[in-house]
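Okay, work_25.cif now, which holds mmCIF, C-alpha atoms:
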```cif
data_target
#
loop_
_atom_site.label_atom_id
_atom_site.label_comp_id
_atom_site.auth_asym_id
_atom_site.auth_seq_id
_atom_site.Cartn_x
_atom_site.Cartn_y
_atom_site.Cartn_z
CA MET V 1 21.79 -10.57 16.16
CA HIS V 2 22.14 -14.32 16.63
CA ILE V 3 18.81 -15.15 15.01
CA LEU V 4 19.92 -13.69 11.66
CA SER V 5 21.61 -16.90 10.68
CA LYS V 6 22.01 -18.72 7.38
CA ASP V 7 19.38 -21.17 8.62
CA LEU V 8 16.85 -18.39 9.11
CA LYS V 9 17.58 -16.92 5.70
CA TYR V 10 17.23 -20.34 4.07
CA PHE V 11 13.94 -20.97 5.91
CA LEU V 12 12.42 -17.59 5.02
CA ASP V 13 13.66 -17.68 1.42
CA LYS V 14 11.89 -21.02 0.95
CA LYS V 15 8.70 -19.55 2.40
CA VAL V 16 8.95 -16.55 0.08
CA ASP V 17 9.17 -18.94 -2.87
CA PHE V 18 6.13 -20.80 -1.56
CA TYR V 19 3.88 -17.77 -0.95
CA ASN V 20 5.05 -15.32 -3.66
CA ILE V 21 3.09 -16.95 -6.48
CA ALA V 22 0.36 -15.61 -8.72
CA SER V 23 -2.08 -18.41 -7.84
CA LEU V 24 -2.45 -16.99 -4.32
CA ILE V 25 -3.46 -13.45 -5.30
CA ASN V 26 -7.16 -14.23 -5.70
CA ASN V 27 -7.62 -14.07 -1.93
CA ASP V 28 -5.44 -11.00 -1.41
CA PRO V 29 -6.29 -7.29 -1.92
CA ILE V 30 -3.65 -7.15 -4.67
CA PHE V 31 -6.22 -9.10 -6.70
CA VAL V 32 -7.98 -5.76 -7.29
CA PRO V 33 -5.30 -3.88 -9.28
CA HIS V 34 -4.58 -7.11 -11.17
CA GLN V 35 -7.97 -6.69 -12.84
CA PHE V 36 -6.57 -3.73 -14.80
CA THR V 37 -3.87 -3.22 -17.43
CA LEU V 38 -3.52 0.58 -17.72
CA LYS V 39 -0.77 1.81 -15.43
CA GLN V 40 -2.89 4.57 -13.89
CA ASP V 41 -5.83 2.20 -13.33
CA ILE V 42 -3.47 -0.19 -11.51
CA GLU V 43 -2.16 2.66 -9.37
CA ILE V 44 -5.59 4.04 -8.53
CA MET V 45 -7.26 0.74 -7.68
CA GLY V 46 -4.14 -0.46 -5.87
CA PHE V 47 -4.23 2.70 -3.77
CA PHE V 48 -7.90 2.22 -2.90
CA ALA V 49 -7.53 -1.52 -2.21
CA ALA V 50 -4.60 -0.81 0.11
CA THR V 51 -6.55 2.00 1.80
CA PHE V 52 -9.44 -0.40 2.44
CA ALA V 53 -7.12 -3.16 3.70
CA TRP V 54 -8.33 -3.79 7.17
CA GLY V 55 -10.82 -6.45 8.14
CA GLN V 56 -11.67 -9.54 6.11
CA ARG V 57 -9.80 -9.81 2.84
CA LYS V 58 -12.92 -11.04 1.03
CA THR V 59 -14.78 -7.87 2.03
CA ILE V 60 -11.82 -5.65 1.07
CA ILE V 61 -11.85 -7.14 -2.42
CA GLN V 62 -15.65 -6.89 -2.73
CA LYS V 63 -15.75 -3.23 -1.71
CA SER V 64 -12.83 -2.36 -3.98
CA MET V 65 -14.53 -4.00 -6.94
CA GLU V 66 -17.78 -2.21 -6.06
CA LEU V 67 -15.85 1.05 -6.26
CA ALA V 68 -14.35 0.06 -9.60
CA HIS V 69 -17.88 -0.53 -10.86
CA ARG V 70 -18.92 2.92 -9.64
CA PHE V 71 -15.97 4.24 -11.68
CA ASP V 72 -17.59 2.56 -14.71
CA GLY V 73 -14.71 0.08 -14.82
CA LYS V 74 -12.29 2.83 -15.93
CA PRO V 75 -10.95 4.55 -12.79
CA TYR V 76 -8.38 6.80 -14.49
CA GLU V 77 -10.79 7.96 -17.17
CA PHE V 78 -13.50 8.60 -14.58
CA ILE V 79 -11.21 10.57 -12.29
CA LEU V 80 -9.79 12.76 -15.07
CA HIS V 81 -13.01 13.41 -16.99
CA HIS V 82 -15.92 13.12 -14.54
CA SER V 83 -18.60 15.77 -14.31
CA GLU V 84 -20.26 16.95 -11.13
CA ASN V 85 -23.24 14.80 -12.06
CA ASP V 86 -20.99 11.72 -12.43
CA LEU V 87 -19.90 12.09 -8.81
CA LYS V 88 -23.44 11.23 -7.70
CA GLN V 89 -22.77 7.56 -8.46
CA LEU V 90 -20.10 7.59 -5.74
CA LEU V 91 -22.55 8.71 -3.07
CA GLY V 92 -23.48 6.07 -0.53
CA PHE V 93 -20.19 4.18 -0.83
CA LYS V 94 -18.93 2.92 2.51
CA HIS V 95 -16.30 0.50 3.80
CA ARG V 96 -16.02 0.38 7.56
CA THR V 97 -15.18 3.97 8.58
CA PHE V 98 -14.37 5.09 5.01
CA ASN V 99 -17.40 6.82 3.53
CA ASP V 100 -18.40 8.91 0.52
CA THR V 101 -17.04 12.13 2.05
CA ASP V 102 -13.62 10.48 2.18
CA LEU V 103 -14.07 9.02 -1.30
CA LEU V 104 -14.93 12.35 -2.88
CA TYR V 105 -11.82 13.92 -1.36
CA PHE V 106 -9.64 11.02 -2.56
CA VAL V 107 -11.08 11.45 -6.06
CA ASP V 108 -10.44 15.20 -5.93
CA PHE V 109 -6.81 14.65 -4.89
CA LEU V 110 -6.28 12.09 -7.64
CA TYR V 111 -7.86 14.45 -10.19
CA ARG V 112 -5.56 17.30 -9.16
CA HIS V 113 -2.54 15.00 -9.15
CA TYR V 114 -3.12 13.29 -12.50
CA LYS V 115 -3.81 16.60 -14.20
CA GLU V 116 -0.16 17.44 -13.57
CA ASN V 117 1.52 14.01 -13.41
CA ASP V 118 1.55 10.78 -15.37
CA SER V 119 2.05 8.52 -12.34
CA LEU V 120 1.06 8.40 -8.69
CA GLU V 121 4.73 7.76 -7.90
CA GLU V 122 5.33 11.50 -8.20
CA ALA V 123 3.11 12.08 -5.16
CA PHE V 124 5.72 10.27 -3.06
CA ILE V 125 8.77 12.13 -4.43
CA PRO V 126 9.61 15.44 -2.72
CA LYS V 127 10.69 18.33 -4.93
CA THR V 128 14.25 17.79 -3.70
CA GLY V 129 14.14 14.17 -4.92
CA PHE V 130 13.85 10.84 -3.15
CA MET V 131 15.88 10.49 0.05
CA ASP V 132 14.30 7.70 2.08
CA MET V 133 10.91 6.12 2.60
CA GLU V 134 10.18 7.95 5.84
CA SER V 135 10.64 11.35 4.17
CA SER V 136 8.56 10.23 1.20
CA LEU V 137 5.66 9.01 3.33
CA ILE V 138 5.65 12.23 5.34
CA TYR V 139 5.73 14.22 2.10
CA PHE V 140 2.89 12.17 0.61
CA GLU V 141 0.58 12.71 3.58
CA GLN V 142 1.30 16.46 3.66
CA ASN V 143 0.83 16.69 -0.10
CA PHE V 144 -2.37 14.64 0.02
CA PHE V 145 -4.01 16.98 2.50
CA ASN V 146 -2.59 20.24 1.16
CA HIS V 147 -5.98 21.67 0.29
CA PRO V 148 -8.14 24.24 2.10
CA HIS V 149 -11.23 22.04 1.94
CA THR V 150 -9.72 18.85 3.36
CA PRO V 151 -12.34 17.05 5.49
CA GLN V 152 -10.87 16.59 8.95
CA ARG V 153 -12.37 13.11 9.20
CA THR V 154 -10.49 11.93 6.10
CA LYS V 155 -7.06 12.42 7.66
CA LYS V 156 -7.35 9.18 9.61
CA HIS V 157 -7.29 7.22 6.33
CA VAL V 158 -3.77 8.25 5.29
CA ALA V 159 -1.04 7.39 7.78
CA THR V 160 2.31 9.11 8.28
CA PRO V 161 5.52 8.35 10.18
CA ALA V 162 5.13 11.84 11.64
CA ARG V 163 2.40 10.34 13.86
CA ASN V 164 4.55 7.23 14.49
CA SER V 165 2.15 5.01 12.52
CA THR V 166 3.47 1.77 11.03
CA CYS V 167 1.97 3.03 7.72
CA LYS V 168 1.12 -0.60 6.96
CA ARG V 169 -1.33 0.08 4.15
CA LEU V 170 0.85 2.62 2.35
CA ASN V 171 3.90 0.37 2.69
CA MET V 172 1.88 -2.50 1.24
CA PHE V 173 0.78 -0.34 -1.70
CA LEU V 174 4.38 0.71 -2.27
CA ARG V 175 5.48 -2.92 -2.26
CA TRP V 176 2.96 -3.65 -5.00
CA MET V 177 4.09 -0.71 -7.15
CA VAL V 178 7.88 -0.97 -6.64
CA ARG V 179 9.00 -4.61 -6.26
CA LYS V 180 10.18 -6.31 -9.45
CA ASP V 181 10.62 -10.08 -9.28
CA ASN V 182 8.67 -11.48 -12.27
CA LYS V 183 6.58 -13.77 -10.05
CA GLY V 184 3.30 -12.25 -11.24
CA VAL V 185 2.33 -10.74 -7.89
CA ASP V 186 3.92 -7.30 -7.36
CA PHE V 187 3.79 -4.97 -10.36
CA GLY V 188 7.19 -3.21 -10.37
CA LEU V 189 5.74 -0.21 -12.21
CA TRP V 190 7.77 2.51 -10.51
CA GLU V 191 11.40 3.47 -11.07
CA LYS V 192 12.30 6.34 -8.73
CA ILE V 193 11.78 4.29 -5.57
CA GLN V 194 13.82 1.09 -5.42
CA PRO V 195 12.93 -2.22 -3.70
CA LYS V 196 15.86 -1.78 -1.29
CA ASP V 197 14.25 1.45 -0.01
CA LEU V 198 10.90 -0.09 0.93
CA ILE V 199 9.71 -0.59 4.50
CA CYS V 200 8.06 -3.88 5.41
CA PRO V 201 4.31 -3.58 6.03
CA ILE V 202 3.40 -4.65 9.57
CA ASP V 203 -0.04 -6.00 10.45
CA VAL V 204 -0.93 -8.34 13.32
CA HIS V 205 0.12 -11.36 11.27
CA VAL V 206 3.56 -10.08 10.26
CA ASP V 207 4.12 -8.66 13.74
CA ARG V 208 3.35 -11.97 15.43
CA THR V 209 5.63 -14.04 13.19
CA ALA V 210 8.48 -11.53 13.21
CA ARG V 211 8.49 -11.47 17.01
CA ARG V 212 8.54 -15.26 17.20
CA LEU V 213 11.56 -15.29 14.91
CA GLY V 214 13.33 -12.58 16.90
CA LEU V 215 13.18 -10.03 14.10
CA ILE V 216 11.46 -7.48 16.37
CA SER V 217 12.56 -6.62 19.90
CA ARG V 218 10.62 -3.37 20.37
CA LYS V 219 7.65 -3.86 22.72
CA GLN V 220 5.14 -1.62 20.95
CA THR V 221 4.23 -1.76 17.28
CA ASP V 222 4.79 1.58 15.55
CA TRP V 223 6.91 3.24 12.87
CA LYS V 224 10.13 2.55 14.75
CA THR V 225 9.12 -1.13 14.85
CA ALA V 226 8.66 -1.14 11.07
CA LEU V 227 12.15 0.34 10.74
CA GLU V 228 13.62 -2.25 13.12
CA LEU V 229 12.02 -5.14 11.24
CA THR V 230 13.14 -3.81 7.87
CA LYS V 231 16.68 -3.23 9.12
CA ASN V 232 16.86 -6.88 10.18
CA LEU V 233 15.34 -8.08 6.91
CA ARG V 234 18.01 -6.13 5.02
CA LEU V 235 20.58 -8.31 6.75
CA LEU V 236 18.91 -11.25 4.97
CA ASP V 237 18.53 -9.48 1.59
CA MET V 238 19.88 -5.96 1.24
CA GLU V 239 18.40 -5.37 -2.20
CA ASP V 240 14.88 -6.73 -1.59
CA PRO V 241 14.12 -6.93 2.15
CA VAL V 242 10.36 -6.56 1.77
CA LYS V 243 10.06 -9.82 -0.15
CA TYR V 244 9.95 -11.42 3.32
CA ASP V 245 6.51 -9.86 3.82
CA PHE V 246 5.20 -12.88 1.89
CA ALA V 247 6.89 -15.33 4.28
CA LEU V 248 6.00 -13.54 7.52
CA PHE V 249 2.35 -13.04 6.56
CA GLY V 250 1.92 -16.51 5.08
CA LEU V 251 3.49 -18.27 8.06
CA SER V 252 1.10 -16.49 10.42
CA ILE V 253 -2.20 -17.05 8.63
CA ASN V 254 -1.35 -20.69 7.93
CA ALA V 255 0.05 -21.47 11.38
#
```
Could you render the structure from this file as structure tokens?
Amino acid sequence: MHILSKDLKYFLDKKVDFYNIASLINNDPIFVPHQFTLKQDIEIMGFFAATFAWGQRKTIIQKSMELAHRFDGKPYEFILHHSENDLKQLLGFKHRTFNDTDLLYFVDFLYRHYKENDSLEEAFIPKTGFMDMESSLIYFEQNFFNHPHTPQRTKKHVATPARNSTCKRLNMFLRWMVRKDNKGVDFGLWEKIQPKDLICPIDVHVDRTARRLGLISRKQTDWKTALELTKNLRLLDMEDPVKYDFALFGLSINA
């Protein structure tokens, strides 16, 4: 494609350098997992912050920190060792359409998962091993809801490529956990999924900028669009295409 020129790469690389800095995380949902040091706490609160990531960023952060408080400031310890009585302090939690029914199921999944695994990364790795991000996201959603008492209403809070969703929030969470660049923003905690395998998160901001730059030609915005964008970003950086999420998002909100 003609737009994937050295000039475009130079322009976007400069914008990545400008926006991928620790001083900007205070106004981003990634602020939430940065309040923790234990790996599992970072995973858990990153997962919730990403799940809540629609609407105003200030509200997303506030609701995530409210949840952390309800977990007594120790999410991993609470999830592994809570009693039935402890769960009462989660009742009444709500963020937009996510309510305490959804929260209790999320907690139950995380309890079942962490009883058997040291990291949430394992929930994204099929038994046959990692193949690609699409397969992993489909596996995660199926694994997440593989329980006879899954509330039907909760299924809308975990996206999957099988429904042609962009999976923006999960892809954002994966960026946080997988990317390693020592800039103090993304955590780079996981090893089985590599930065080159990630899919760029698409929200209205990224979508708008990417279309203006000719990085997306597909008319609708869905999973295939996320794949198209990421394929084009890999032409700019094969090993770390999702770093351009910083540039595309930052250019849009500061336009």
Selection under test: the PyMOL selection byres ((chain V and resi 124) around 6); residues as JSON, numbers by chain: {"V": [121, 122, 123, 125, 136, 140]}
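Considering all atoms listed in the file, the residue among V:Leu91, V:Met238, V:Leu251, V:Leu67 positioned nearest to Val206 of chain V is V:Leu251.
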All residues 12 Å or closer to His157 of chain V, only C-alpha atoms, same chain fewer than 4 positions away omitted, as a ChimeraX atom specification: /V:47-48,50-54,95-99,101-103,105-106,141,144-145,151-153,165,167-170
Residue IDs satisfying the PyMOL selection byres ((chain V and resi 181-185) around 9), as a list in words: Asn20, Ile21, Ala22, Ser23, Leu24, Ile25, Ile30, Phe31, His34, Trp176, Arg179, Lys180, Asp186, Phe187 and Gly188 of chain V
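Nearest to Leu198 of chain V of all the residues V:Val242, V:Met177, V:Val158, V:Ile79 is V:Val242, counting only C-alpha atoms.
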Distance of atom CA of Lys115 of chain V from atom CA of His149 of chain V, expressed in Å to one decimal place: 18.6 Å
Spatial neighbours of Lys15 of chain V, max dist 8 Å, only C-alpha atoms, sep filter under 6 positions, as a list of chain:residue names: V:Phe246, V:Ala247, V:Gly250, V:Leu251
